[in-house]
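Listing of upload_29.cif, mmCIF, C-alpha atoms
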data_data
#
loop_
_atom_site.label_atom_id
_atom_site.label_comp_id
_atom_site.auth_asym_id
_atom_site.auth_seq_id
_atom_site.Cartn_x
_atom_site.Cartn_y
_atom_site.Cartn_z
CA MET A 1 64.75 121.05 116.59
CA ASN A 2 63.66 123.67 119.13
CA ILE A 3 65.15 123.09 122.58
CA LEU A 4 63.69 126.24 124.14
CA THR A 5 60.38 127.92 123.31
CA LEU A 6 59.13 131.10 124.93
CA LYS A 7 55.53 132.11 124.30
CA ASN A 8 54.12 135.55 125.17
CA ILE A 9 56.24 136.01 128.30
CA THR A 10 54.99 138.97 130.34
CA LYS A 11 56.30 140.18 133.69
CA SER A 12 55.45 143.28 135.76
CA TYR A 13 56.86 144.39 139.09
CA ASN A 14 54.72 147.50 139.57
CA SER A 15 51.26 148.10 138.15
CA ASN A 16 52.08 151.82 137.80
CA GLU A 17 55.08 151.16 135.55
CA PRO A 18 55.50 149.54 132.12
CA PRO A 19 56.08 145.77 132.28
CA ALA A 20 59.65 144.48 132.52
CA LEU A 21 58.74 141.93 129.82
CA ASN A 22 55.90 142.49 127.40
CA ASP A 23 54.51 139.59 125.33
CA LEU A 24 57.95 138.29 124.37
CA SER A 25 58.34 135.14 122.27
CA PHE A 26 61.23 133.33 120.56
CA ASN A 27 62.68 129.84 119.97
CA CYS A 28 66.18 128.45 120.46
CA GLN A 29 67.36 125.46 118.44
CA SER A 30 69.57 122.61 119.57
CA SER A 31 73.28 123.59 119.84
CA GLU A 32 72.44 127.19 118.99
CA VAL A 33 74.03 130.16 120.77
CA VAL A 34 71.54 133.00 121.24
CA ALA A 35 72.36 136.45 122.66
CA LEU A 36 69.86 138.62 124.50
CA ILE A 37 71.14 142.09 123.61
CA GLY A 38 69.89 145.50 124.68
CA GLY A 39 70.42 148.44 126.96
CA SER A 40 70.02 148.61 130.72
CA GLY A 41 66.42 148.01 131.76
CA SER A 42 65.46 146.25 128.53
CA GLY A 43 64.48 143.05 130.40
CA LYS A 44 67.41 140.80 129.48
CA THR A 45 68.32 139.56 132.95
CA THR A 46 64.66 139.26 133.99
CA LEU A 47 64.07 136.95 131.03
CA LEU A 48 67.13 134.85 131.89
CA ARG A 49 65.92 134.48 135.49
CA ILE A 50 62.47 133.40 134.28
CA ILE A 51 64.00 130.73 132.02
CA ALA A 52 66.09 129.51 134.97
CA GLY A 53 63.04 129.43 137.27
CA LEU A 54 64.35 132.08 139.66
CA GLU A 55 61.31 134.20 138.83
CA ALA A 56 57.86 133.35 137.48
CA PRO A 57 56.21 135.22 134.62
CA ASP A 58 52.80 136.81 135.12
CA TYR A 59 51.74 135.29 131.81
CA GLY A 60 53.19 133.07 129.11
CA GLU A 61 54.88 129.71 128.68
CA VAL A 62 58.45 128.43 128.96
CA ILE A 63 58.98 125.07 127.24
CA LEU A 64 62.28 123.17 127.37
CA ASN A 65 62.66 120.10 125.17
CA ASN A 66 58.85 119.75 124.94
CA ASP A 67 58.47 119.90 128.74
CA THR A 68 56.45 122.86 130.03
CA LEU A 69 58.35 124.67 132.80
CA ASN A 70 56.02 127.65 133.13
CA SER A 71 52.37 128.15 132.22
CA SER A 72 49.19 129.34 133.92
CA THR A 73 49.05 126.01 135.77
CA VAL A 74 52.68 124.80 135.85
CA PHE A 75 55.81 125.98 137.65
CA VAL A 76 58.88 123.75 137.70
CA THR A 77 61.38 124.73 140.39
CA PRO A 78 64.93 125.73 139.36
CA GLU A 79 66.61 122.55 140.62
CA LYS A 80 64.28 120.42 138.48
CA ARG A 81 64.96 122.33 135.28
CA ASP A 82 67.61 120.90 133.00
CA CYS A 83 69.48 124.23 132.89
CA GLY A 84 72.95 125.32 133.91
CA LEU A 85 73.29 128.92 135.06
CA VAL A 86 76.43 131.03 135.32
CA PHE A 87 75.86 134.25 137.23
CA GLN A 88 77.57 137.51 136.36
CA ASP A 89 79.74 137.29 139.49
CA TYR A 90 80.24 133.49 138.99
CA ALA A 91 78.84 132.72 142.52
CA LEU A 92 81.70 130.40 143.49
CA PHE A 93 81.81 129.22 147.10
CA PRO A 94 84.82 131.00 148.65
CA ASN A 95 85.45 128.26 151.24
CA ARG A 96 85.46 125.43 148.69
CA THR A 97 88.24 124.40 146.33
CA VAL A 98 87.89 124.42 142.57
CA ARG A 99 87.01 120.72 142.48
CA GLN A 100 84.58 121.06 145.39
CA ASN A 101 82.86 123.91 143.59
CA ILE A 102 82.62 121.90 140.38
CA ILE A 103 81.09 118.78 141.96
CA PHE A 104 78.70 120.70 144.22
CA GLY A 105 75.70 120.42 141.86
CA LYS A 106 73.20 117.59 142.11
CA GLY A 107 74.33 114.72 139.87
CA ALA A 108 77.65 116.38 139.09
CA MET A 109 79.59 113.24 140.06
CA ASP A 110 77.49 110.87 137.95
CA ASP A 111 80.14 111.03 135.20
CA PRO A 112 83.64 111.82 136.60
CA SER A 113 85.27 111.29 133.21
CA TRP A 114 83.08 114.07 131.74
CA ILE A 115 84.18 116.46 134.50
CA ASN A 116 87.83 115.64 133.83
CA GLU A 117 87.26 116.22 130.12
CA LEU A 118 85.69 119.64 130.83
CA ILE A 119 88.58 120.56 133.14
CA ASN A 120 91.05 119.74 130.39
CA MET A 121 88.99 121.52 127.72
CA THR A 122 88.90 124.73 129.75
CA GLY A 123 92.57 124.68 130.74
CA ILE A 124 92.07 124.61 134.51
CA ALA A 125 93.81 121.27 135.08
CA GLY A 126 96.18 121.63 138.01
CA LEU A 127 94.03 124.24 139.73
CA GLU A 128 91.60 121.81 141.38
CA LYS A 129 92.98 122.32 144.90
CA ARG A 130 93.00 126.11 144.76
CA PHE A 131 90.35 128.37 146.28
CA PRO A 132 88.50 131.03 144.23
CA HIS A 133 90.51 133.93 145.68
CA GLU A 134 93.66 132.27 144.34
CA LEU A 135 92.35 132.37 140.75
CA SER A 136 92.27 135.09 138.12
CA GLY A 137 88.92 136.38 136.85
CA GLY A 138 89.21 134.29 133.70
CA GLN A 139 90.01 131.16 135.71
CA GLN A 140 87.05 131.76 138.03
CA GLN A 141 84.81 132.03 135.00
CA ARG A 142 86.04 128.72 133.62
CA VAL A 143 85.38 127.01 136.96
CA ALA A 144 81.82 128.39 136.95
CA LEU A 145 81.34 127.13 133.39
CA VAL A 146 82.62 123.65 134.20
CA ARG A 147 80.30 123.51 137.23
CA ALA A 148 77.34 124.55 135.06
CA LEU A 149 78.20 121.99 132.35
CA ALA A 150 79.05 119.12 134.73
CA THR A 151 75.52 117.70 134.62
CA ARG A 152 75.29 118.01 130.79
CA PRO A 153 72.33 120.44 130.92
CA LEU A 154 70.05 120.80 127.92
CA LEU A 155 70.45 124.57 128.17
CA LEU A 156 73.25 126.80 129.48
CA LEU A 157 72.33 130.30 130.66
CA LEU A 158 75.00 132.99 131.04
CA ASP A 159 74.53 136.46 132.54
CA GLU A 160 77.03 138.94 131.06
CA PRO A 161 79.79 136.29 130.73
CA LEU A 162 82.49 138.74 129.64
CA SER A 163 81.63 141.86 131.63
CA HIS A 164 84.31 141.38 134.31
CA LEU A 165 87.17 140.76 131.89
CA ASP A 166 89.78 143.27 130.80
CA PRO A 167 89.42 144.36 127.14
CA GLU A 168 92.66 142.63 126.13
CA LEU A 169 91.37 139.29 127.50
CA LYS A 170 87.94 139.44 125.93
CA GLU A 171 88.87 138.25 122.45
CA SER A 172 90.72 135.15 123.66
CA VAL A 173 87.97 134.27 126.15
CA ARG A 174 85.29 134.65 123.47
CA THR A 175 87.21 132.21 121.31
CA GLU A 176 87.58 129.77 124.21
CA LEU A 177 83.87 129.94 125.05
CA LEU A 178 82.79 129.31 121.47
CA LYS A 179 85.17 126.38 121.14
CA LEU A 180 83.79 124.90 124.36
CA PHE A 181 80.18 125.34 123.25
CA ARG A 182 80.88 123.70 119.89
CA GLU A 183 82.85 120.80 121.35
CA THR A 184 80.18 120.07 123.98
CA LYS A 185 77.29 120.79 121.53
CA THR A 186 75.75 123.00 124.19
CA THR A 187 72.66 125.13 123.59
CA VAL A 188 73.34 128.57 125.06
CA VAL A 189 71.35 131.70 125.87
CA PHE A 190 73.46 134.56 127.16
CA VAL A 191 72.81 138.14 128.22
CA SER A 192 75.04 140.93 126.97
CA HIS A 193 74.99 144.71 126.60
CA ASP A 194 78.08 144.56 124.35
CA ILE A 195 77.24 144.26 120.66
CA GLU A 196 80.81 143.19 119.84
CA ASP A 197 80.56 140.21 122.20
CA ALA A 198 77.14 139.27 120.87
CA THR A 199 78.25 139.54 117.24
CA ALA A 200 81.35 137.40 117.85
CA MET A 201 79.62 134.65 119.83
CA ALA A 202 75.96 134.34 118.86
CA ASP A 203 74.34 132.45 116.00
CA ARG A 204 71.31 134.69 116.48
CA MET A 205 70.42 137.76 118.53
CA VAL A 206 67.24 138.82 120.27
CA VAL A 207 67.34 142.62 120.41
CA MET A 208 65.36 143.73 123.44
CA HIS A 209 63.97 147.17 124.27
CA LYS A 210 61.49 148.06 127.01
CA GLY A 211 60.62 144.42 127.58
CA LYS A 212 59.91 143.59 123.95
CA ALA A 213 61.82 141.62 121.34
CA GLU A 214 62.32 144.33 118.72
CA GLN A 215 64.18 142.14 116.23
CA ILE A 216 65.45 138.57 116.03
CA GLY A 217 68.04 137.37 113.52
CA THR A 218 71.72 136.91 112.79
CA SER A 219 74.06 139.80 113.52
CA ASN A 220 74.54 140.35 109.78
CA GLU A 221 70.78 140.43 109.12
CA ILE A 222 70.16 142.90 111.93
CA TYR A 223 73.17 145.06 111.03
CA LYS A 224 72.13 145.38 107.40
CA ASN A 225 68.36 145.58 107.95
CA PRO A 226 67.60 147.15 111.37
CA MET A 227 63.91 147.49 112.16
CA ASN A 228 64.22 150.96 113.73
CA LYS A 229 66.64 153.60 115.01
CA ASN A 230 67.19 151.87 118.35
CA VAL A 231 68.29 148.62 116.71
CA ALA A 232 70.52 150.42 114.20
CA ARG A 233 72.31 152.37 116.95
CA LEU A 234 73.26 149.17 118.77
CA PHE A 235 75.92 148.70 116.09
CA GLY A 236 77.31 152.22 116.42
CA LYS A 237 76.76 155.62 114.89
CA THR A 238 74.16 155.69 112.13
CA ASN A 239 72.78 158.37 109.83
CA PHE A 240 69.06 158.23 109.11
CA ILE A 241 68.41 159.64 105.66
CA PRO A 242 64.86 160.21 104.32
CA ILE A 243 64.13 157.76 101.52
CA LYS A 244 63.23 160.63 99.18
CA LEU A 245 66.91 161.67 99.22
CA ILE A 246 68.15 158.14 98.43
CA PRO A 247 65.19 156.65 96.53
CA ASN A 248 67.12 153.62 95.22
CA ALA A 249 68.52 152.52 98.58
CA PRO A 250 68.36 148.73 99.04
CA TYR A 251 66.72 148.96 102.47
CA SER A 252 64.62 151.36 104.53
CA PHE A 253 62.29 151.20 107.53
CA THR A 254 59.30 153.26 108.61
CA GLU A 255 59.85 155.12 111.87
CA LYS A 256 56.76 154.75 114.07
CA GLU A 257 56.87 158.21 115.64
CA SER A 258 57.06 160.16 112.38
CA ASN A 259 55.73 157.54 109.95
CA GLU A 260 58.69 158.54 107.77
CA LYS A 261 60.67 156.08 105.68
CA LEU A 262 64.34 156.25 106.60
CA VAL A 263 67.50 154.70 105.18
CA PRO A 264 70.07 153.67 107.82
CA VAL A 265 73.50 154.71 106.51
CA ARG A 266 76.70 153.89 108.38
CA PRO A 267 79.42 156.56 108.52
CA HIS A 268 81.79 154.41 106.43
CA GLN A 269 79.25 154.18 103.57
CA TRP A 270 80.11 157.69 102.36
CA ARG A 271 83.01 158.76 100.21
CA VAL A 272 84.24 162.08 98.87
CA ILE A 273 83.85 162.38 95.09
CA ASN A 274 85.30 164.69 92.48
CA ASP A 275 83.39 163.28 89.50
CA PRO A 276 80.02 165.06 89.11
CA THR A 277 78.82 162.41 86.63
CA THR A 278 78.59 159.62 89.19
CA ASP A 279 75.38 157.60 89.35
CA LEU A 280 75.55 157.44 93.14
CA PRO A 281 73.31 159.71 95.30
CA THR A 282 75.34 162.82 96.16
CA PHE A 283 75.17 165.55 98.79
CA ASN A 284 76.89 168.95 98.74
CA GLY A 285 77.86 170.65 101.96
CA LYS A 286 80.46 171.95 104.36
CA VAL A 287 82.71 170.21 106.88
CA LYS A 288 81.81 171.29 110.42
CA SER A 289 84.51 169.35 112.29
CA VAL A 290 87.20 166.69 111.85
CA ILE A 291 88.31 164.29 114.61
CA ASN A 292 91.28 162.01 113.99
CA GLN A 293 90.65 158.43 115.13
CA VAL A 294 93.01 155.45 114.98
CA SER A 295 91.43 153.86 111.89
CA HIS A 296 89.64 156.81 110.28
CA LYS A 297 88.74 160.47 110.38
CA GLU A 298 85.32 161.22 111.84
CA VAL A 299 83.79 164.15 109.99
CA GLU A 300 80.65 166.08 110.84
CA PHE A 301 79.20 167.26 107.54
CA GLU A 302 76.44 169.83 107.08
CA THR A 303 74.15 170.03 104.06
CA SER A 304 71.18 172.29 103.42
CA GLN A 305 68.84 169.48 104.46
CA LEU A 306 70.58 167.51 107.22
CA ASN A 307 73.78 166.80 109.15
CA ILE A 308 75.77 163.66 108.33
CA THR A 309 78.55 161.79 110.15
CA LEU A 310 81.26 160.42 107.85
CA HIS A 311 84.18 158.10 108.45
CA LEU A 312 86.88 158.86 105.90
CA PRO A 313 90.31 157.26 105.39
CA THR A 314 93.10 158.63 107.57
CA ASN A 315 94.99 159.73 104.45
CA GLN A 316 91.99 161.71 103.14
CA SER A 317 92.80 165.44 103.13
CA VAL A 318 89.87 167.27 104.72
CA GLN A 319 89.62 170.36 106.92
CA ALA A 320 86.91 172.17 108.85
CA ASP A 321 84.90 174.68 106.77
CA SER A 322 85.95 173.05 103.49
CA LYS A 323 83.25 172.33 100.94
CA LEU A 324 82.79 168.77 99.67
CA THR A 325 80.56 166.56 97.59
CA ILE A 326 79.95 163.16 99.11
CA ALA A 327 78.26 160.07 97.71
CA TYR A 328 76.39 157.22 99.38
CA ASN A 329 77.52 153.73 98.40
CA ALA A 330 75.42 150.87 99.82
CA GLU A 331 78.11 148.36 98.84
CA LEU A 332 80.63 149.75 101.33
#

Would you write out, as structure tokens, the structure that this file holds?
Amino acid sequence: MNILTLKNITKSYNSNEPPALNDLSFNCQSSEVVALIGGSGSGKTTLLRIIAGLEAPDYGEVILNNDTLNSSTVFVTPEKRDCGLVFQDYALFPNRTVRQNIIFGKGAMDDPSWINELINMTGIAGLEKRFPHELSGGQQQRVALVRALATRPLLLLLDEPLSHLDPELKESVRTELLKLFRETKTTVVFVSHDIEDATAMADRMVVMHKGKAEQIGTSNEIYKNPMNKNVARLFGKTNFIPIKLIPNAPYSFTEKESNEKLVPVRPHQWRVINDPTTDLPTFNGKVKSVINQVSHKEVEFETSQLNITLHLPTNQSVQADSKLTIAYNAEL
């Protein structure tokens, strides 16, 4: 069942510039976690604000649980939308205690037992009398989440929920968030620029670029079958090999600018070979540089036709200017 439906959402701020959102559509199912992923200026936060009712689209429809929130004739104000919103900076009231912050929302005290359950779920029991400045960043985030979930909203919206956390805290907080979403059966749309966060937390991703939804799918679908170079690069370094050089590759896309069919090949999908009888596509060339990383060696490899980035095992003996034969293996 679709909880959220967006149809042809378009938003411009300046008639002399490209639109911030351009004919964007997607659905979100009940209890699904969806990530809006993309670079700065792709329209992620603008879309979140439109769903929340903080901005109105120039064109298009926002439908929540079969109720139209935005259309050419309808605009439902933010307080009347069944959405919870957690801002990037959490927006806690500095002069209110944790409990006062949590119960601030309209209808938040309709079910005190639910609030107590959320407080226990999120591990902030015992902090109710503290003020925001007395909390860590992770604790402040949990308070903001409990406040947003206190009214049991149909939809929870999160703007960069992990951006303020130290790297060592991110993994544990991601796990906590997912557990909370599953236990409360909450439908979530969150904004992120971090592909690792999106991959770990989202059931599906909406990859945004210049106000458009370039690709929608699971992280695995998008990783294996990116629609273009921009989508492929979200997941890290990628080689783009003409299909004529790897004619039996399982997947390729046509690049709009050049109309050329390209195979996206990750650096770890290459290996050095010594057996010239292999059935795998091979390339002969010279090593330009070797950089030692923690988990691999990053090698820049030059052939007569193109340059390739390889990730080889740390125990692989390879030096600059050495000549190698490498093979592409789609199964890696």

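The neighbours of Glu117 of chain A here are the residues that come within 12 Å of it, using only C-alpha atoms and leaving out any residue fewer than 6 positions away in the same chain; they are Asp111, Gly123, Ile124, Ala125, Val146, Leu149, Ala150, Leu180, Glu183 and Thr184 of chain A.
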
For this session: Go through the shown structure with the PyMOL selection byres ((chain A and resi 161-168) around 12) and write out the matching residues as a VMD selection string.
Result: chain A and resid 35 to 36 85 to 90 136 to 142 144 to 145 156 to 160 169 to 178 188 to 198 200 to 201

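Put simply, atom CA of Ala202 of chain A is 11.5 Å away from atom CA of Cys28 of chain A.
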
Spatial neighbours of segment 204-208 of chain A, max dist 10 Å, only C-alpha atoms, sep filter under 4 positions, as a PDB file with C-alpha atoms, in the frame of the given file:
ATOM      1  CA  LEU A  21      58.740 141.930 129.820  1.00  0.00           C
ATOM      2  CA  LEU A  24      57.950 138.290 124.370  1.00  0.00           C
ATOM      3  CA  SER A  25      58.340 135.140 122.270  1.00  0.00           C
ATOM      4  CA  PHE A  26      61.230 133.330 120.560  1.00  0.00           C
ATOM      5  CA  CYS A  28      66.180 128.450 120.460  1.00  0.00           C
ATOM      6  CA  GLU A  32      72.440 127.190 118.990  1.00  0.00           C
ATOM      7  CA  VAL A  33      74.030 130.160 120.770  1.00  0.00           C
ATOM      8  CA  VAL A  34      71.540 133.000 121.240  1.00  0.00           C
ATOM      9  CA  ALA A  35      72.360 136.450 122.660  1.00  0.00           C
ATOM     10  CA  LEU A  36      69.860 138.620 124.500  1.00  0.00           C
ATOM     11  CA  ILE A  37      71.140 142.090 123.610  1.00  0.00           C
ATOM     12  CA  GLY A  38      69.890 145.500 124.680  1.00  0.00           C
ATOM     13  CA  GLY A  39      70.420 148.440 126.960  1.00  0.00           C
ATOM     14  CA  SER A  40      70.020 148.610 130.720  1.00  0.00           C
ATOM     15  CA  GLY A  41      66.420 148.010 131.760  1.00  0.00           C
ATOM     16  CA  SER A  42      65.460 146.250 128.530  1.00  0.00           C
ATOM     17  CA  GLY A  43      64.480 143.050 130.400  1.00  0.00           C
ATOM     18  CA  LYS A  44      67.410 140.800 129.480  1.00  0.00           C
ATOM     19  CA  VAL A 189      71.350 131.700 125.870  1.00  0.00           C
ATOM     20  CA  PHE A 190      73.460 134.560 127.160  1.00  0.00           C
ATOM     21  CA  VAL A 191      72.810 138.140 128.220  1.00  0.00           C
ATOM     22  CA  ILE A 195      77.240 144.260 120.660  1.00  0.00           C
ATOM     23  CA  ALA A 198      77.140 139.270 120.870  1.00  0.00           C
ATOM     24  CA  THR A 199      78.250 139.540 117.240  1.00  0.00           C
ATOM     25  CA  LYS A 212      59.910 143.590 123.950  1.00  0.00           C
ATOM     26  CA  ALA A 213      61.820 141.620 121.340  1.00  0.00           C
ATOM     27  CA  GLU A 214      62.320 144.330 118.720  1.00  0.00           C
ATOM     28  CA  GLN A 215      64.180 142.140 116.230  1.00  0.00           C
ATOM     29  CA  ILE A 216      65.450 138.570 116.030  1.00  0.00           C
ATOM     30  CA  GLY A 217      68.040 137.370 113.520  1.00  0.00           C
ATOM     31  CA  THR A 218      71.720 136.910 112.790  1.00  0.00           C
ATOM     32  CA  SER A 219      74.060 139.800 113.520  1.00  0.00           C
ATOM     33  CA  ASN A 220      74.540 140.350 109.780  1.00  0.00           C
ATOM     34  CA  GLU A 221      70.780 140.430 109.120  1.00  0.00           C
ATOM     35  CA  ILE A 222      70.160 142.900 111.930  1.00  0.00           C
ATOM     36  CA  ASN A 230      67.190 151.870 118.350  1.00  0.00           C
ATOM     37  CA  VAL A 231      68.290 148.620 116.710  1.00  0.00           C
ATOM     38  CA  LEU A 234      73.260 149.170 118.770  1.00  0.00           C
TER      39      LEU A 234
END

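Residues selected in this file by the PyMOL selection byres ((chain A and resi 312) around 7) comprise His268, Arg271, His296, Lys297, Glu298, Leu310, His311, Pro313, Thr314 and Gln316 of chain A.
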
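Between atom CA of Leu47 of chain A and atom CA of Gly60 of chain A there is a distance of 11.7 Å.
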